[in-house]
Amino acid sequence: MSLFGTIQNAGNALNAAQIGLQVTGNNIANASTPGYIRQRLVLTPAPTQQYGNLLLGTGVKVHSIVQQVDQFLEEQSRSASSDVVSGEVQENTYSQLEGLIGELSGNDLSTSMSKFFNSIHDILNQPDSSGVRNIAVLQGQQLATDIRRLNSKAAQIYEGLNQQVANQAESINKLVNEIANLNVQISRAEGGDTSPSDAVGLRDRRGNALSDLASIIDIRTTQQPDGSVSVYSNGDFLVFQGIARNVRATESENNGQFTTGIRIVETDAPVGTSGGKLAGLVQSRDVVVGTFIRQLNTVAGSLIQGFNQIYSSGQGNVGYSSLTSGIAPGNRDLPLDQVGLGITPVNGSFNLVVKNSLTGETKTTNVLIDLNGLDEDTSLADLQATLDSIDGITASISSDGKLKISADDPNLTFSFGSDSSGVLGAIGLNSFFSGSDAKDIDVDATLKADPRRFAASLGGVGEDTQNAVRLADFLNTPLSLQNGQTLSQLYDKLVSDTAQGSAATKSATEGFRTFQATLEGQRLAVTGVNLDEEAIKMISYQRAYQASAKIIATINELFDTLLKL
């Protein structure tokens with residue numbers, strides 16, 4: 001081999017050391033760059049050259065510059081990140097609900113319930129006081145207001161989560177299109193599967209985009225031979241080479257509530273919701289807040305139906321001159337136990353008492369409710385006809401399907417009693433509460449207009465407080481509609497389920513964080529920049545460069561000697 005060949009070997013070594021220093025410098029410069037993957041220079045021996053009977057090496061050859069990456073760890077790390085983000089969204093939702101409930105704050109719903117039932121106890125001590133009855137009605141209004149407010153706040157959280165679900169479609173589309181574009185650029189830069197080097201800067205950007213996408217939805221990725229990456233969600237591909245499938249937000253109705261979902265435009269298939277922010281939002285909306293609202297409706301509905309069922313058999317200090325039912329059966333001609341009322345009436349009866357305020361004379365009529373299923377069962381139209389046939393009373397059905405009862409004479413008033421059928425509470429006659437659930441619970445307008453009508457008596461208008469005794473203990477009275485659970489137990493379950501769900505979510509999310517931190521540590525051990533290691537490499541390349549330069553200088557001296565001969 002000639003001196004010129006030796007110079008070529010040294011030149012190759014200088015070039016390799018120079019590129020190595022550049023790669024090392026790039027690693028050091030990006031040591032703190034988020035998402036940066038450490039680069040490594042791959043050197044191989046140059047092809048040998050025959051010199052006589054000898055095979056001599058021709059130096060070093062720069063083979064490629066590649067990223068130090070473990071695809072399995074990358075996939076695992078993205079999956080762990082999805083779980084953490086999902087858990088943190090649910091953590092935040094539970095925190096908001098716990099703040100709404102506000103137990104032990106003095107303004108919680110249990111305090112409002114206690115004040116209401118304590119005010120009924122006060123009626124037992126002062127049965128003739130209109131002021132005490134007025135306080136009971138006001139406390140009932142406050143309780144109803146607190147329930148509505150709690151429901152409204154929970155509904156706002158629900159709508160906020162629903163809107164956030166819809167907003168994820170734009171973020172997903174932006175990322176899948178970015179990944180598809182980067183796939184094309186990477187394939188071009190790497191020359192398909194012919195180049196040994198990685199398009200390192202482009203791959204870093206794509207890795208960050210994949211991590212961002214995994215933080216929104218659960219994805220699975222597959223590396224392709226041409227350098228592109230395919231992205232799948234829920235079995236459908238979102239990205240394949242340079243093709244991206246966009247998604248859209250869709251709206252559907254679920255139990256009277258409108259919910260938003262994310263579906264692939266081309267196939268109308270749902271994207272995966274087992275991890276990522278989208279999963280956390282959907283779980284928070286449908287399970288966490290949805291369950292809370294359903295339980296609150298159960299509490300409110302049980303209060304309305306159960307309390308009214310007891311209350312409707314009582315009488316206040318004054319009777320009614322006119323009264324309209326608060327609930328309209330769906331069909332006036334169907335039997336009352338088949339029209340879908342919140343409380344299903346049963347076979348029985350109730351009393352209608354008509355009193356003449358001038359003479360003091362009272363007349364009690366026992367109104368039969370035939371619901372034995374054997375013959376013509378009582379419908380709303382039948383009940384109206386029966387009541388209308390009572391002397392001094394006119395009954396009609398309004399255009400919106402409600403039963404209206406009126407006294408025929410200004411001196412006549414009427415009241416109710418001994419309802420064994422439950423029909424009064426079922427259709428909202430002589431009721432304390434109006435509405436059907438947490439969003440519309442209120443105190444009956446007729447009672448608010450005259451609190452003296454608070455039905456504390458069972459023996460007649462203003463006669464005793466026996467009904468108030470039953471109402472005051474209602475909080476701890478087993479409810480047949482709730483399999484013997486009391487209102488207090490239903491509310492305690494609402495609070496405890498929220499607290500337990502919050503604690504379980506926090507514990508699970510903390511576990512996800514720990515697992516993610518472990519994987520991240522393992523990933524960084526492979527992909528992260530170690531400054532000490534890079535410094536050693538820098539010195540190594542520097543020494544190699546100096547040695548190669550020394551060879552060239554030595555060859556130069558030999559040339560000078562040769563020329564002087």
# chains A, B, ... in the order shown; residues from 1 in each chain; ligands from 1
$ select_by_dssp --residues "stretch 3-244 of chain A" --states "helix (DSSP H, G or I)" --output "ChimeraX atom specification"
/A:3-29,71-101,109-125,130-190,200-214
$ residues_around --residues "stretch 61-69 of chain A" --least-positions-apart "6" --cutoff "8 Å" --atoms "only C-alpha atoms" --output "VMD selection string"
chain A and resid 12 to 13 16 37 to 46 196 to 198 200 523 526 to 527
$ residues_around --residues "A:Ile293" --least-positions-apart "5" --cutoff "10 Å" --atoms "only C-alpha atoms" --output "ChimeraX atom specification"
/A:150-152,154-155,158,286-288,298-299,438-439,494
$ residues_around --residues "A:Glu376" --least-positions-apart "5" --cutoff "12 Å" --atoms "only C-alpha atoms" --output "list in words"
Asp333, Leu334, Pro335, Leu336, Ile369, Asp370, Leu371 and Asp382 of chain A
$ residues_around --residues "stretch 529-543 of chain A" --least-positions-apart "6" --cutoff "7 Å" --atoms "only C-alpha atoms" --output "PDB file with C-alpha atoms, in the first residue's frame"
ATOM      1  CA  ALA A  17     -13.960  11.260  14.421  1.00  0.00           C
ATOM      2  CA  GLY A  20     -18.603  11.304  15.998  1.00  0.00           C
ATOM      3  CA  LEU A  21     -17.849  14.646  17.660  1.00  0.00           C
ATOM      4  CA  THR A  24     -21.823  13.685  20.567  1.00  0.00           C
ATOM      5  CA  ASN A  27     -26.567  14.661  22.142  1.00  0.00           C
ATOM      6  CA  ILE A  28     -25.079  17.029  24.717  1.00  0.00           C
ATOM      7  CA  ALA A  31     -29.652  16.551  26.944  1.00  0.00           C
ATOM      8  CA  ARG A  38     -30.001   9.736  22.062  1.00  0.00           C
TER       9      ARG A  38
END
$ residues_around --residues "A:Leu303" --least-positions-apart "3" --cutoff "9 Å" --atoms "only C-alpha atoms" --output "number ranges by chain"
A: 298-300, 306-308, 433, 437, 474-475, 487
$ atom_distance --atom1 "atom CA of A:Tyr94" --atom2 "atom CA of A:Ser502"
5.4 Å
$ residues_around --residues "A:Ser215" --least-positions-apart "2" --cutoff "8 Å" --atoms "only C-alpha atoms" --output "ChimeraX atom specification"
/A:78,81-82,85,211-213,217-218,275-277
$ write_last_selection --atoms "N, CA and C atoms" --output "short mmCIF file (atom, residue, chain, number, x, y, z; two decimals), in the first residue's frame"
data_model
loop_
_atom_site.label_atom_id
_atom_site.label_comp_id
_atom_site.auth_asym_id
_atom_site.auth_seq_id
_atom_site.Cartn_x
_atom_site.Cartn_y
_atom_site.Cartn_z
N ARG A 78 -45.94 4.60 26.67
CA ARG A 78 -47.11 5.33 26.19
C ARG A 78 -48.39 4.79 26.81
N SER A 81 -48.64 6.00 30.33
CA SER A 81 -49.00 7.42 30.33
C SER A 81 -50.50 7.59 30.10
N SER A 82 -51.07 6.76 29.22
CA SER A 82 -52.52 6.81 28.98
C SER A 82 -53.30 6.53 30.26
N VAL A 85 -53.06 9.57 32.71
CA VAL A 85 -53.90 10.71 32.30
C VAL A 85 -55.37 10.41 32.57
N SER A 211 -46.71 10.12 21.50
CA SER A 211 -46.93 10.22 22.95
C SER A 211 -48.13 11.11 23.25
N ASP A 212 -48.25 12.22 22.51
CA ASP A 212 -49.40 13.11 22.72
C ASP A 212 -50.70 12.42 22.34
N LEU A 213 -50.67 11.64 21.26
CA LEU A 213 -51.88 10.92 20.84
C LEU A 213 -52.25 9.86 21.87
N ILE A 217 -55.98 8.98 23.53
CA ILE A 217 -56.68 7.71 23.30
C ILE A 217 -55.67 6.57 23.40
N ASP A 218 -56.19 5.37 23.65
CA ASP A 218 -55.30 4.21 23.68
C ASP A 218 -55.00 3.80 22.24
N GLY A 275 -58.08 3.92 27.61
CA GLY A 275 -56.97 4.64 28.21
C GLY A 275 -56.89 6.04 27.64
N GLY A 276 -56.10 6.89 28.27
CA GLY A 276 -55.93 8.26 27.81
C GLY A 276 -56.98 9.20 28.36
N LYS A 277 -56.83 10.46 27.97
CA LYS A 277 -57.72 11.51 28.47
C LYS A 277 -59.17 11.25 28.06
#
$ select_by_dssp --residues "stretch 432-565 of chain A" --states "strand (DSSP E or B)" --output "ChimeraX atom specification"
/A:433-434,442-443,457
$ write_last_selection --atoms "N, CA, C and O atoms" --output "short mmCIF file (atom, residue, chain, number, x, y, z; two decimals), in the first residue's frame"
data_model
loop_
_atom_site.label_atom_id
_atom_site.label_comp_id
_atom_site.auth_asym_id
_atom_site.auth_seq_id
_atom_site.Cartn_x
_atom_site.Cartn_y
_atom_site.Cartn_z
N PHE A 433 -94.46 17.95 48.44
CA PHE A 433 -93.48 18.20 47.38
C PHE A 433 -94.11 18.04 46.01
O PHE A 433 -94.99 17.21 45.81
N SER A 434 -93.62 18.83 45.06
CA SER A 434 -93.98 18.67 43.65
C SER A 434 -92.73 18.26 42.88
O SER A 434 -91.62 18.32 43.40
N ASP A 442 -89.73 20.64 44.30
CA ASP A 442 -90.13 21.91 44.90
C ASP A 442 -91.25 21.63 45.88
O ASP A 442 -91.75 20.50 45.98
N VAL A 443 -91.64 22.66 46.63
CA VAL A 443 -92.79 22.55 47.53
C VAL A 443 -94.04 22.92 46.75
O VAL A 443 -94.02 23.85 45.93
N SER A 457 -102.44 16.72 60.72
CA SER A 457 -103.50 15.96 61.43
C SER A 457 -103.94 14.74 60.64
O SER A 457 -103.89 14.72 59.40
#
$ atom_distance --atom1 "atom CA of A:Thr446" --atom2 "atom CA of A:Phe432"
9.0 Å
$ closest_residue --among "A:Ile441, A:Ala169, A:Met113, A:Ala455" --to "A:Asn297" --atoms "only C-alpha atoms"
A:Ile441
$ closest_residue --among "A:Asn347, A:Ser420, A:Asn15, A:Asn317" --to "A:Gly460" --atoms "only C-alpha atoms"
A:Asn317
$ closest_residue --among "A:Ser187, A:Ser313, A:Ser379, A:Ser114" --to "A:Asp337" --atoms "only C-alpha atoms"
A:Ser379
$ atom_distance --atom1 "atom CA of A:Gly484" --atom2 "atom CA of A:Ile310"
15.5 Å
$ closest_residue --among "A:Gly462, A:Gly319, A:Pro478, A:Gly5" --to "A:Phe414" --atoms "only C-alpha atoms"
A:Gly319
$ closest_residue --among "A:Ile393, A:Leu100, A:Leu341, A:Leu281" --to "A:Glu88" --atoms "only C-alpha atoms"
A:Leu281
$ closest_residue --among "A:Gly201, A:Gly87, A:Gly348, A:Gly301" --to "A:Tyr491" --atoms "only C-alpha atoms"
A:Gly301
